[in-house]
$ cat my_file_25.tsv   # TSV, C-alpha atoms and all ligand atoms
chain	number	residue	atom	x	y	z
A	1	MET	CA	0.00	0.00	0.00
A	2	LYS	CA	2.77	2.34	0.98
A	3	LYS	CA	4.60	1.55	-2.17
A	4	MET	CA	1.54	2.15	-4.31
A	5	PHE	CA	1.12	5.37	-2.57
A	6	ARG	CA	4.60	6.56	-3.28
A	7	TRP	CA	4.22	5.37	-6.76
A	8	ALA	CA	1.08	7.41	-7.18
A	9	VAL	CA	2.71	10.58	-5.92
A	10	GLY	CA	5.93	9.95	-7.78
A	11	GLY	CA	3.96	9.15	-10.87
A	12	LEU	CA	2.12	12.39	-10.55
A	13	LEU	CA	5.33	14.35	-10.33
A	14	ILE	CA	6.87	12.56	-13.22
A	15	LEU	CA	3.75	13.06	-15.25
A	16	SER	CA	3.77	16.75	-14.58
A	17	LEU	CA	7.43	16.93	-15.49
A	18	LEU	CA	6.98	15.03	-18.69
A	19	ALA	CA	3.76	16.58	-19.87
A	20	PRO	CA	4.30	20.30	-19.68
A	21	VAL	CA	1.32	21.34	-21.65
A	22	SER	CA	-1.65	19.72	-20.14
A	23	ILE	CA	-1.84	17.80	-16.96
A	24	PRO	CA	-5.52	17.79	-16.82
A	25	ALA	CA	-6.41	15.09	-14.50
A	26	ALA	CA	-3.14	14.53	-12.93
A	27	ALA	CA	-2.78	17.35	-11.19
A	28	ALA	CA	-1.17	19.50	-9.49
A	29	GLU	CA	-2.03	20.33	-9.08
A	30	LYS	CA	-4.23	29.36	6.61
A	31	ALA	CA	-3.75	34.63	14.11
A	32	GLN	CA	-1.80	36.28	14.39
A	33	THR	CA	-1.93	33.50	16.11
A	34	THR	CA	-4.40	33.62	18.56
A	35	GLU	CA	-3.11	36.63	20.10
A	36	ASN	CA	-6.71	37.28	19.61
A	37	SER	CA	-6.94	38.45	23.06
A	38	GLN	CA	-4.90	41.43	21.89
A	39	THR	CA	-6.59	41.77	18.57
A	40	VAL	CA	-9.89	43.44	18.07
A	41	ASP	CA	-12.09	42.03	15.35
A	42	ALA	CA	-11.53	44.21	12.31
A	43	SER	CA	-15.06	43.71	11.20
A	44	ALA	CA	-15.97	45.89	14.10
A	45	GLY	CA	-13.81	48.54	12.46
A	46	GLN	CA	-11.73	49.07	15.55
A	47	SER	CA	-8.05	49.67	15.81
A	48	THR	CA	-5.80	46.78	16.54
A	49	ARG	CA	-2.74	46.78	18.71
A	50	LYS	CA	-0.99	44.47	16.38
A	51	LYS	CA	-1.40	44.57	12.64
A	52	LYS	CA	-3.36	41.62	11.36
A	53	LYS	CA	-1.58	39.14	9.15
A	54	THR	CA	-3.13	38.82	5.73
A	55	ILE	CA	-3.53	35.53	3.92
A	56	PHE	CA	-4.18	35.35	0.19
A	57	ILE	CA	-6.30	32.29	-0.54
A	58	ALA	CA	-6.35	31.16	-4.14
A	59	ALA	CA	-8.87	28.52	-5.16
A	60	GLY	CA	-7.27	26.68	-8.07
A	61	HIS	CA	-8.63	26.64	-11.62
A	62	GLN	CA	-11.99	28.02	-12.79
A	63	GLU	CA	-14.77	26.89	-15.08
A	64	ARG	CA	-12.39	26.25	-17.97
A	65	GLY	CA	-8.71	26.03	-18.69
A	66	ILE	CA	-6.72	28.47	-20.82
A	67	SER	CA	-4.61	26.59	-23.28
A	68	SER	CA	-2.51	29.46	-24.64
A	69	ARG	CA	0.93	29.60	-23.10
A	70	GLU	CA	2.92	31.82	-20.75
A	71	ARG	CA	6.43	31.83	-19.35
A	72	LEU	CA	7.01	29.20	-16.69
A	73	ALA	CA	9.26	31.42	-14.61
A	74	PRO	CA	11.01	34.79	-14.56
A	75	GLY	CA	14.10	34.59	-16.71
A	76	SER	CA	13.04	31.31	-18.29
A	77	SER	CA	12.17	30.79	-21.94
A	78	ALA	CA	10.15	27.66	-21.13
A	79	THR	CA	6.41	28.03	-21.43
A	80	LYS	CA	3.42	26.23	-20.02
A	81	ALA	CA	-0.37	26.36	-20.49
A	82	LYS	CA	-1.81	29.44	-18.77
A	83	LEU	CA	-4.34	27.46	-16.79
A	84	THR	CA	-5.28	23.79	-16.67
A	85	SER	CA	-8.85	22.71	-16.13
A	86	GLY	CA	-8.23	20.53	-13.10
A	87	THR	CA	-9.65	17.14	-12.22
A	88	SER	CA	-13.09	16.02	-11.13
A	89	GLY	CA	-14.46	13.66	-8.53
A	90	VAL	CA	-14.69	9.99	-9.51
A	91	SER	CA	-17.66	9.48	-7.23
A	92	THR	CA	-19.33	12.91	-7.09
A	93	GLY	CA	-18.49	14.05	-10.61
A	94	ILE	CA	-17.92	17.51	-9.15
A	95	PRO	CA	-15.25	19.51	-11.00
A	96	GLU	CA	-12.20	20.37	-8.93
A	97	TYR	CA	-12.63	24.13	-9.34
A	98	LYS	CA	-15.92	23.95	-7.44
A	99	THR	CA	-14.47	21.84	-4.65
A	100	ASN	CA	-11.44	24.15	-4.40
A	101	LEU	CA	-13.72	27.18	-4.04
A	102	ALA	CA	-15.82	25.52	-1.33
A	103	ILE	CA	-12.66	24.66	0.63
A	104	ALA	CA	-11.29	28.18	0.07
A	105	LYS	CA	-14.49	29.71	1.44
A	106	ALA	CA	-14.44	27.45	4.50
A	107	THR	CA	-10.81	28.47	4.99
A	108	ARG	CA	-11.65	32.16	4.72
A	109	LYS	CA	-14.26	31.76	7.41
A	110	ALA	CA	-11.92	29.89	9.75
A	111	LEU	CA	-8.99	32.28	9.20
A	112	ARG	CA	-11.17	35.33	9.86
A	113	LYS	CA	-12.49	33.75	13.00
A	114	ALA	CA	-8.89	33.24	14.13
A	115	GLY	CA	-8.13	36.94	13.59
A	116	TYR	CA	-6.53	36.99	10.15
A	117	LYS	CA	-7.37	39.19	7.23
A	118	VAL	CA	-8.18	37.17	4.11
A	119	ILE	CA	-7.98	38.15	0.47
A	120	MET	CA	-9.60	35.74	-1.95
A	121	LEU	CA	-8.34	35.23	-5.48
A	122	ARG	CA	-11.85	34.32	-6.54
A	123	THR	CA	-15.28	33.92	-4.92
A	124	THR	CA	-17.04	32.63	-8.02
A	125	ASN	CA	-16.14	30.02	-10.62
A	126	LYS	CA	-15.35	32.65	-13.24
A	127	CYS	CA	-11.74	33.75	-12.92
A	128	PRO	CA	-10.12	33.73	-16.36
A	129	LEU	CA	-6.64	34.61	-15.07
A	130	SER	CA	-3.53	32.62	-15.92
A	131	ASN	CA	-1.41	31.07	-13.19
A	132	GLN	CA	1.16	33.82	-13.62
A	133	GLN	CA	-1.50	36.54	-13.37
A	134	ARG	CA	-2.91	34.87	-10.26
A	135	THR	CA	0.44	34.90	-8.53
A	136	ARG	CA	1.12	38.50	-9.58
A	137	LYS	CA	-2.20	39.41	-7.99
A	138	ALA	CA	-1.17	37.70	-4.77
A	139	ASN	CA	2.25	39.40	-4.87
A	140	LYS	CA	0.65	42.84	-5.15
A	141	SER	CA	-2.13	42.19	-2.66
A	142	GLY	CA	-0.13	43.12	0.42
A	143	ALA	CA	-0.72	39.64	1.84
A	144	ASN	CA	1.87	37.90	4.01
A	145	LEU	CA	1.20	34.43	2.62
A	146	HIS	CA	-0.23	32.92	-0.54
A	147	ILE	CA	-1.93	29.55	-0.25
A	148	CYS	CA	-3.26	27.85	-3.37
A	149	ILE	CA	-6.03	25.36	-2.74
A	150	HIS	CA	-6.25	22.34	-5.03
A	151	CYS	CA	-7.43	18.75	-5.02
A	152	ASN	CA	-5.40	15.98	-6.50
A	153	ALA	CA	-5.82	13.07	-8.89
A	154	GLY	CA	-3.81	9.88	-8.90
A	155	SER	CA	-4.67	6.28	-8.21
A	156	SER	CA	-8.00	5.27	-6.74
A	157	ARG	CA	-6.19	4.37	-3.52
A	158	ALA	CA	-4.18	7.54	-3.16
A	159	LYS	CA	-5.35	9.70	-0.28
A	160	GLY	CA	-4.42	12.46	2.08
A	161	PRO	CA	-3.00	15.96	1.72
A	162	LEU	CA	0.14	16.96	-0.10
A	163	VAL	CA	2.03	20.24	-0.48
A	164	ILE	CA	4.10	21.55	-3.34
A	165	VAL	CA	6.92	23.97	-2.58
A	166	PRO	CA	9.79	25.34	-4.69
A	167	ALA	CA	12.63	22.92	-5.34
A	168	SER	CA	15.25	25.63	-5.00
A	169	SER	CA	15.78	29.37	-4.74
A	170	ARG	CA	16.38	29.57	-8.49
A	171	TYR	CA	13.29	31.59	-9.41
A	172	VAL	CA	11.93	32.88	-6.11
A	173	GLY	CA	15.13	33.81	-4.28
A	174	LYS	CA	16.44	32.44	-1.06
A	175	LYS	CA	14.11	34.24	1.32
A	176	ILE	CA	10.88	33.21	-0.39
A	177	TYR	CA	12.23	29.71	-0.96
A	178	ASN	CA	12.98	29.21	2.73
A	179	LYS	CA	9.71	30.73	3.88
A	180	SER	CA	7.63	28.76	1.38
A	181	CYS	CA	9.24	25.51	2.51
A	182	ARG	CA	8.55	26.36	6.14
A	183	LEU	CA	4.94	27.26	5.32
A	184	GLY	CA	4.53	24.00	3.41
A	185	SER	CA	5.84	21.99	6.29
A	186	SER	CA	3.61	23.75	8.86
A	187	LEU	CA	0.55	23.32	6.66
A	188	ILE	CA	1.00	19.71	5.70
A	189	SER	CA	1.43	18.45	9.24
A	190	ALA	CA	-1.52	20.48	10.54
A	191	VAL	CA	-3.88	19.49	7.70
A	192	ALA	CA	-2.90	15.82	7.98
A	193	LYS	CA	-3.67	15.96	11.67
A	194	SER	CA	-6.98	17.79	11.35
A	195	THR	CA	-8.24	15.43	8.65
A	196	GLY	CA	-6.88	12.28	10.29
A	197	LYS	CA	-4.92	11.38	7.16
A	198	LYS	CA	-1.30	10.60	6.57
A	199	ALA	CA	0.60	13.36	4.79
A	200	ASN	CA	2.04	12.53	1.39
A	201	ALA	CA	5.65	13.33	0.69
A	202	THR	CA	6.14	17.00	-0.13
A	203	ILE	CA	6.72	17.73	-3.80
A	204	ARG	CA	9.63	20.05	-4.37
A	205	SER	CA	9.43	21.40	-7.89
A	206	ASN	CA	10.44	24.34	-10.04
A	207	TYR	CA	7.84	23.35	-12.57
A	208	TYR	CA	4.80	25.22	-11.25
A	209	THR	CA	4.17	28.64	-12.73
A	210	THR	CA	2.14	29.63	-9.67
A	211	ILE	CA	5.13	29.09	-7.39
A	212	ASN	CA	7.87	30.32	-9.71
A	213	TRP	CA	6.49	33.88	-9.96
A	214	ALA	CA	6.04	34.21	-6.19
A	215	GLU	CA	7.36	37.26	-4.35
A	216	ILE	CA	5.67	36.27	-1.11
A	217	PRO	CA	5.78	32.82	0.54
A	218	THR	CA	3.65	30.59	-1.69
A	219	VAL	CA	2.60	26.95	-1.56
A	220	ILE	CA	0.16	24.72	-3.35
A	221	LEU	CA	-1.92	22.64	-0.98
A	222	GLU	CA	-3.48	19.56	-2.54
A	223	CYS	CA	-6.20	18.82	0.01
A	224	GLY	CA	-6.83	15.22	-1.04
A	225	PHE	CA	-7.46	12.90	-3.98
A	226	MET	CA	-10.63	13.20	-6.03
A	227	SER	CA	-9.57	10.00	-7.79
A	228	ASN	CA	-10.34	8.12	-4.56
A	229	ALA	CA	-14.11	7.65	-4.31
A	230	SER	CA	-14.40	7.95	-0.57
A	231	GLU	CA	-11.98	10.87	-0.32
A	232	ASP	CA	-13.78	12.58	-3.19
A	233	ARG	CA	-17.01	12.41	-1.18
A	234	GLN	CA	-15.20	13.73	1.90
A	235	LEU	CA	-13.60	16.61	0.01
A	236	ASN	CA	-17.05	17.62	-1.16
A	237	SER	CA	-18.66	17.51	2.28
A	238	ALA	CA	-18.97	20.64	4.42
A	239	SER	CA	-17.76	18.80	7.54
A	240	TYR	CA	-14.50	17.64	5.92
A	241	GLN	CA	-13.97	21.04	4.33
A	242	LYS	CA	-14.16	22.51	7.83
A	243	LYS	CA	-11.53	20.05	9.03
A	244	ILE	CA	-9.21	21.11	6.22
A	245	ALA	CA	-9.85	24.77	7.02
A	246	LYS	CA	-9.10	24.16	10.69
A	247	GLY	CA	-5.83	22.49	9.73
A	248	ILE	CA	-4.88	25.40	7.49
A	249	VAL	CA	-5.47	27.86	10.37
A	250	LYS	CA	-3.30	25.75	12.68
A	251	GLY	CA	-0.59	25.54	10.05
A	252	VAL	CA	-0.62	29.30	9.56
A	253	ASN	CA	-0.54	29.86	13.32
A	254	LYS	CA	2.46	27.59	13.56
A	255	TYR	CA	4.21	29.36	10.69
A	256	PHE	CA	3.92	32.75	12.39
A	257	LYS	CA	4.87	31.41	15.80
A	258	ASN	CA	8.01	29.88	14.38
A	259	ARG	CA	9.11	33.00	12.62
A	301	ZN	ZN	-5.74	21.51	-9.35
$ encode --input "my_file_25.tsv" --output "structure tokens"
Amino acid sequence: MKKMFRWAVGGLLILSLLAPVSIPAAAAEKAQTTENSQTVDASAGQSTRKKKKTIFIAAGHQERGISSRERLAPGSSATKAKLTSGTSGVSTGIPEYKTNLAIAKATRKALRKAGYKVIMLRTTNKCPLSNQQRTRKANKSGANLHICIHCNAGSSRAKGPLVIVPASSRYVGKKIYNKSCRLGSSLISAVAKSTGKKANATIRSNYYTTINWAEIPTVILECGFMSNASEDRQLNSASYQKKIAKGIVKGVNKYFKNR
């Protein structure tokens, strides 16, 4: 089982490395700590003693992919499709972009409750921006962290969360590389715990446009596998989405505590 598992994840990585253009199904595809006692809810419009941390939450994909190409990374001549269409649930038939948005909204709610400010990339399923444009938006947003929410596809037995972080400082620089890795590690352990699943091995890759253009700490969080019937149903249930959101908040708390 373990072996199959590794195979599934490894296979996914290899697939994404080998098939630059479209990786449709395979896919790649978080208060200030709870110093809440010192933080007044911003919704009340009051001043805060400590500036709230801002989290940019990007629900992956949208209603359709964009097949034209864009540069994979700053300073690179390699190109990649602007946006892939994502996977869909083997049991529910729900397209990934809808599941990602539902998880992103649950995460926004949980982060706000924990005292963070949240900026959403999208709140509807229409967001015809390329991966590079999405990351540029996050970079300019003033957010402290950029978390991309996705769901995965692999074997029918694959399950559990996975994070993708830069493989090196090549495109993002040393500071963002280090911080993204630390964010990835905080998130994956917290989400695995909150969902009761085993974390998959972290994917370290310089082949994700979303990560390569990052100027703030950025990770891709694959919340689970929609190719696994039972996990697909979980990923599309409000109760499991809340568990993921809770894990993301804990991971973000840990990231800021460890700074
Ligand atoms: Zn995806």
$ residues_around --input "my_file_25.tsv" --residues "region 51-61 of chain A" --least-positions-apart "6" --cutoff "7 Å" --atoms "only C-alpha atoms" --output "list in words"
Lys30, Gln32, Leu83, Thr84, Ser85, Gly86, Tyr97, Asn100, Leu101, Ala104, Tyr116, Lys117, Val118, Ile119, Met120, Leu121, Arg122, Ala138, Ala143, Asn144, Leu145, His146, Ile147, Cys148, Ile149 and His150 of chain A
$ closest_residue --input "my_file_25.tsv" --among "A:Ala106, A:Ala158, A:Leu221, A:Ala192" --to "ligand ZN 301 (chain A)" --atoms "only C-alpha atoms and all ligand atoms"
A:Leu221
$ residues_near_ligand --input "my_file_25.tsv" --ligand "ligand ZN 301 (chain A)" --cutoff "12 Å" --atoms "only C-alpha atoms and all ligand atoms" --output "compact mmCIF listing (two decimals) with C-alpha atoms, in the coordinates of the input"
# COMPACT_ATOMS: atom_id res chain seq x y z
CA SER A 16 3.77 16.75 -14.58
CA SER A 22 -1.65 19.72 -20.14
CA ILE A 23 -1.84 17.80 -16.96
CA PRO A 24 -5.52 17.79 -16.82
CA ALA A 25 -6.41 15.09 -14.50
CA ALA A 26 -3.14 14.53 -12.93
CA ALA A 27 -2.78 17.35 -11.19
CA ALA A 28 -1.17 19.50 -9.49
CA GLU A 29 -2.03 20.33 -9.08
CA ALA A 58 -6.35 31.16 -4.14
CA ALA A 59 -8.87 28.52 -5.16
CA GLY A 60 -7.27 26.68 -8.07
CA HIS A 61 -8.63 26.64 -11.62
CA GLN A 62 -11.99 28.02 -12.79
CA GLU A 63 -14.77 26.89 -15.08
CA ARG A 64 -12.39 26.25 -17.97
CA GLY A 65 -8.71 26.03 -18.69
CA LEU A 83 -4.34 27.46 -16.79
CA THR A 84 -5.28 23.79 -16.67
CA SER A 85 -8.85 22.71 -16.13
CA GLY A 86 -8.23 20.53 -13.10
CA THR A 87 -9.65 17.14 -12.22
CA SER A 88 -13.09 16.02 -11.13
CA GLY A 89 -14.46 13.66 -8.53
CA PRO A 95 -15.25 19.51 -11.00
CA GLU A 96 -12.20 20.37 -8.93
CA TYR A 97 -12.63 24.13 -9.34
CA LYS A 98 -15.92 23.95 -7.44
CA THR A 99 -14.47 21.84 -4.65
CA ASN A 100 -11.44 24.15 -4.40
CA LEU A 101 -13.72 27.18 -4.04
CA ASN A 131 -1.41 31.07 -13.19
CA CYS A 148 -3.26 27.85 -3.37
CA ILE A 149 -6.03 25.36 -2.74
CA HIS A 150 -6.25 22.34 -5.03
CA CYS A 151 -7.43 18.75 -5.02
CA ASN A 152 -5.40 15.98 -6.50
CA ALA A 153 -5.82 13.07 -8.89
CA GLY A 154 -3.81 9.88 -8.90
CA LEU A 162 0.14 16.96 -0.10
CA VAL A 163 2.03 20.24 -0.48
CA ILE A 164 4.10 21.55 -3.34
CA TYR A 208 4.80 25.22 -11.25
CA THR A 210 2.14 29.63 -9.67
CA ILE A 220 0.16 24.72 -3.35
CA LEU A 221 -1.92 22.64 -0.98
CA GLU A 222 -3.48 19.56 -2.54
CA CYS A 223 -6.20 18.82 0.01
CA GLY A 224 -6.83 15.22 -1.04
CA PHE A 225 -7.46 12.90 -3.98
CA MET A 226 -10.63 13.20 -6.03
$ atom_distance --input "my_file_25.tsv" --atom1 "CA of Ile203 (chain A)" --atom2 "CA of Ser91 (chain A)"
26.0 Å
$ residues_around --input "my_file_25.tsv" --residues "Ala245 (chain A)" --least-positions-apart "5" --cutoff "9 Å" --atoms "all atoms listed in the file" --output "list in words"
Lys30, Ile103, Ala104, Lys105, Ala106, Thr107, Arg108, Lys109, Ala110, Leu111, Val191, Ser194, Tyr240 and Lys250 of chain A
$ write_last_selection --input "my_file_25.tsv" --atoms "C-alpha atoms" --output "PDB file, in the frame of the given file"
ATOM      1  CA  LYS A  30      -4.230  29.360   6.610  1.00  0.00           C
ATOM      2  CA  ILE A 103     -12.660  24.660   0.630  1.00  0.00           C
ATOM      3  CA  ALA A 104     -11.290  28.180   0.070  1.00  0.00           C
ATOM      4  CA  LYS A 105     -14.490  29.710   1.440  1.00  0.00           C
ATOM      5  CA  ALA A 106     -14.440  27.450   4.500  1.00  0.00           C
ATOM      6  CA  THR A 107     -10.810  28.470   4.990  1.00  0.00           C
ATOM      7  CA  ARG A 108     -11.650  32.160   4.720  1.00  0.00           C
ATOM      8  CA  LYS A 109     -14.260  31.760   7.410  1.00  0.00           C
ATOM      9  CA  ALA A 110     -11.920  29.890   9.750  1.00  0.00           C
ATOM     10  CA  LEU A 111      -8.990  32.280   9.200  1.00  0.00           C
ATOM     11  CA  VAL A 191      -3.880  19.490   7.700  1.00  0.00           C
ATOM     12  CA  SER A 194      -6.980  17.790  11.350  1.00  0.00           C
ATOM     13  CA  TYR A 240     -14.500  17.640   5.920  1.00  0.00           C
ATOM     14  CA  LYS A 250      -3.300  25.750  12.680  1.00  0.00           C
TER      15      LYS A 250
END
$ closest_atom_pairs --input "my_file_25.tsv" --of "region 68-131 of chain A" --to "region 212-219 of chain A" --cutoff "12 Å" --atoms "all atoms listed in the file" --output "tab-separated table"
residue	atom	partner	partner_atom	distance
A:Glu70	CA	A:Trp213	CA	11.6
A:Arg71	CA	A:Trp213	CA	9.6
A:Leu72	CA	A:Asn212	CA	7.1
A:Ala73	CA	A:Asn212	CA	5.2
A:Pro74	CA	A:Trp213	CA	6.5
A:Gly75	CA	A:Trp213	CA	10.2
A:Ser76	CA	A:Asn212	CA	10.1
A:Ala78	CA	A:Asn212	CA	11.9
A:Lys80	CA	A:Asn212	CA	12.0
A:Ser130	CA	A:Trp213	CA	11.7
A:Asn131	CA	A:Trp213	CA	9.0
$ write_last_selection --input "my_file_25.tsv" --atoms "C-alpha atoms" --output "compact mmCIF listing (two decimals), in the coordinates of the input"
# COMPACT_ATOMS: atom_id res chain seq x y z
CA GLU A 70 2.92 31.82 -20.75
CA ARG A 71 6.43 31.83 -19.35
CA LEU A 72 7.01 29.20 -16.69
CA ALA A 73 9.26 31.42 -14.61
CA PRO A 74 11.01 34.79 -14.56
CA GLY A 75 14.10 34.59 -16.71
CA SER A 76 13.04 31.31 -18.29
CA ALA A 78 10.15 27.66 -21.13
CA LYS A 80 3.42 26.23 -20.02
CA SER A 130 -3.53 32.62 -15.92
CA ASN A 131 -1.41 31.07 -13.19
$ closest_residue --input "my_file_25.tsv" --among "A:Arg134, A:Arg204, A:Arg69, A:Arg112" --to "Ser180 (chain A)" --atoms "only C-alpha atoms"
A:Arg204
$ closest_residue --input "my_file_25.tsv" --among "A:Ser68, A:Ser189, A:Ser169, A:Thr123" --to "Ala81 (chain A)" --atoms "all atoms listed in the file"
A:Ser68
$ atom_distance --input "my_file_25.tsv" --atom1 "CA of Asn178 (chain A)" --atom2 "CA of Lys137 (chain A)"
21.2 Å
$ closest_residue --input "my_file_25.tsv" --among "A:Val249, A:Ser227, A:Gly196, A:Lys254" --to "Ser156 (chain A)" --atoms "only C-alpha atoms"
A:Ser227
$ build_atoms --input "my_file_25.tsv" --residues "region 162-178 of chain A" --atoms "N, CA and C atoms" --output "JSON list (two decimals), in the frame of the given file"
[["chain", "number", "residue", "atom", "x", "y", "z"],
["A", 162, "LEU", "N", -1.20, 16.88, 0.47],
["A", 162, "LEU", "CA", 0.14, 16.96, -0.10],
["A", 162, "LEU", "C", 0.44, 18.45, -0.33],
["A", 163, "VAL", "N", 1.67, 18.85, -0.14],
["A", 163, "VAL", "CA", 2.03, 20.24, -0.48],
["A", 163, "VAL", "C", 3.11, 20.27, -1.54],
["A", 164, "ILE", "N", 3.07, 21.32, -2.32],
["A", 164, "ILE", "CA", 4.10, 21.55, -3.34],
["A", 164, "ILE", "C", 4.80, 22.86, -2.99],
["A", 165, "VAL", "N", 6.10, 22.80, -2.91],
["A", 165, "VAL", "CA", 6.92, 23.97, -2.58],
["A", 165, "VAL", "C", 8.02, 24.08, -3.63],
["A", 166, "PRO", "N", 8.71, 25.23, -3.71],
["A", 166, "PRO", "CA", 9.79, 25.34, -4.69],
["A", 166, "PRO", "C", 10.89, 24.33, -4.42],
["A", 167, "ALA", "N", 11.54, 23.88, -5.50],
["A", 167, "ALA", "CA", 12.63, 22.92, -5.34],
["A", 167, "ALA", "C", 13.92, 23.61, -4.96],
["A", 168, "SER", "N", 14.02, 24.89, -5.28],
["A", 168, "SER", "CA", 15.25, 25.63, -5.00],
["A", 168, "SER", "C", 14.93, 27.12, -5.00],
["A", 169, "SER", "N", 15.97, 27.91, -4.76],
["A", 169, "SER", "CA", 15.78, 29.37, -4.74],
["A", 169, "SER", "C", 15.91, 29.97, -6.14],
["A", 170, "ARG", "N", 16.08, 29.12, -7.12],
["A", 170, "ARG", "CA", 16.38, 29.57, -8.49],
["A", 170, "ARG", "C", 15.49, 30.71, -8.99],
["A", 171, "TYR", "N", 14.19, 30.56, -8.87],
["A", 171, "TYR", "CA", 13.29, 31.59, -9.41],
["A", 171, "TYR", "C", 12.76, 32.54, -8.34],
["A", 172, "VAL", "N", 12.61, 32.07, -7.14],
["A", 172, "VAL", "CA", 11.93, 32.88, -6.11],
["A", 172, "VAL", "C", 12.90, 33.58, -5.15],
["A", 173, "GLY", "N", 14.16, 33.21, -5.22],
["A", 173, "GLY", "CA", 15.13, 33.81, -4.28],
["A", 173, "GLY", "C", 15.15, 33.04, -2.97],
["A", 174, "LYS", "N", 16.22, 33.24, -2.26],
["A", 174, "LYS", "CA", 16.44, 32.44, -1.06],
["A", 174, "LYS", "C", 15.40, 32.66, 0.04],
["A", 175, "LYS", "N", 15.04, 33.93, 0.24],
["A", 175, "LYS", "CA", 14.11, 34.24, 1.32],
["A", 175, "LYS", "C", 12.74, 33.58, 1.09],
["A", 176, "ILE", "N", 12.21, 33.77, -0.11],
["A", 176, "ILE", "CA", 10.88, 33.21, -0.39],
["A", 176, "ILE", "C", 10.94, 31.68, -0.44],
["A", 177, "TYR", "N", 12.06, 31.17, -0.94],
["A", 177, "TYR", "CA", 12.23, 29.71, -0.96],
["A", 177, "TYR", "C", 12.16, 29.15, 0.46],
["A", 178, "ASN", "N", 12.95, 29.71, 1.34],
["A", 178, "ASN", "CA", 12.98, 29.21, 2.73],
["A", 178, "ASN", "C", 11.61, 29.34, 3.40]]
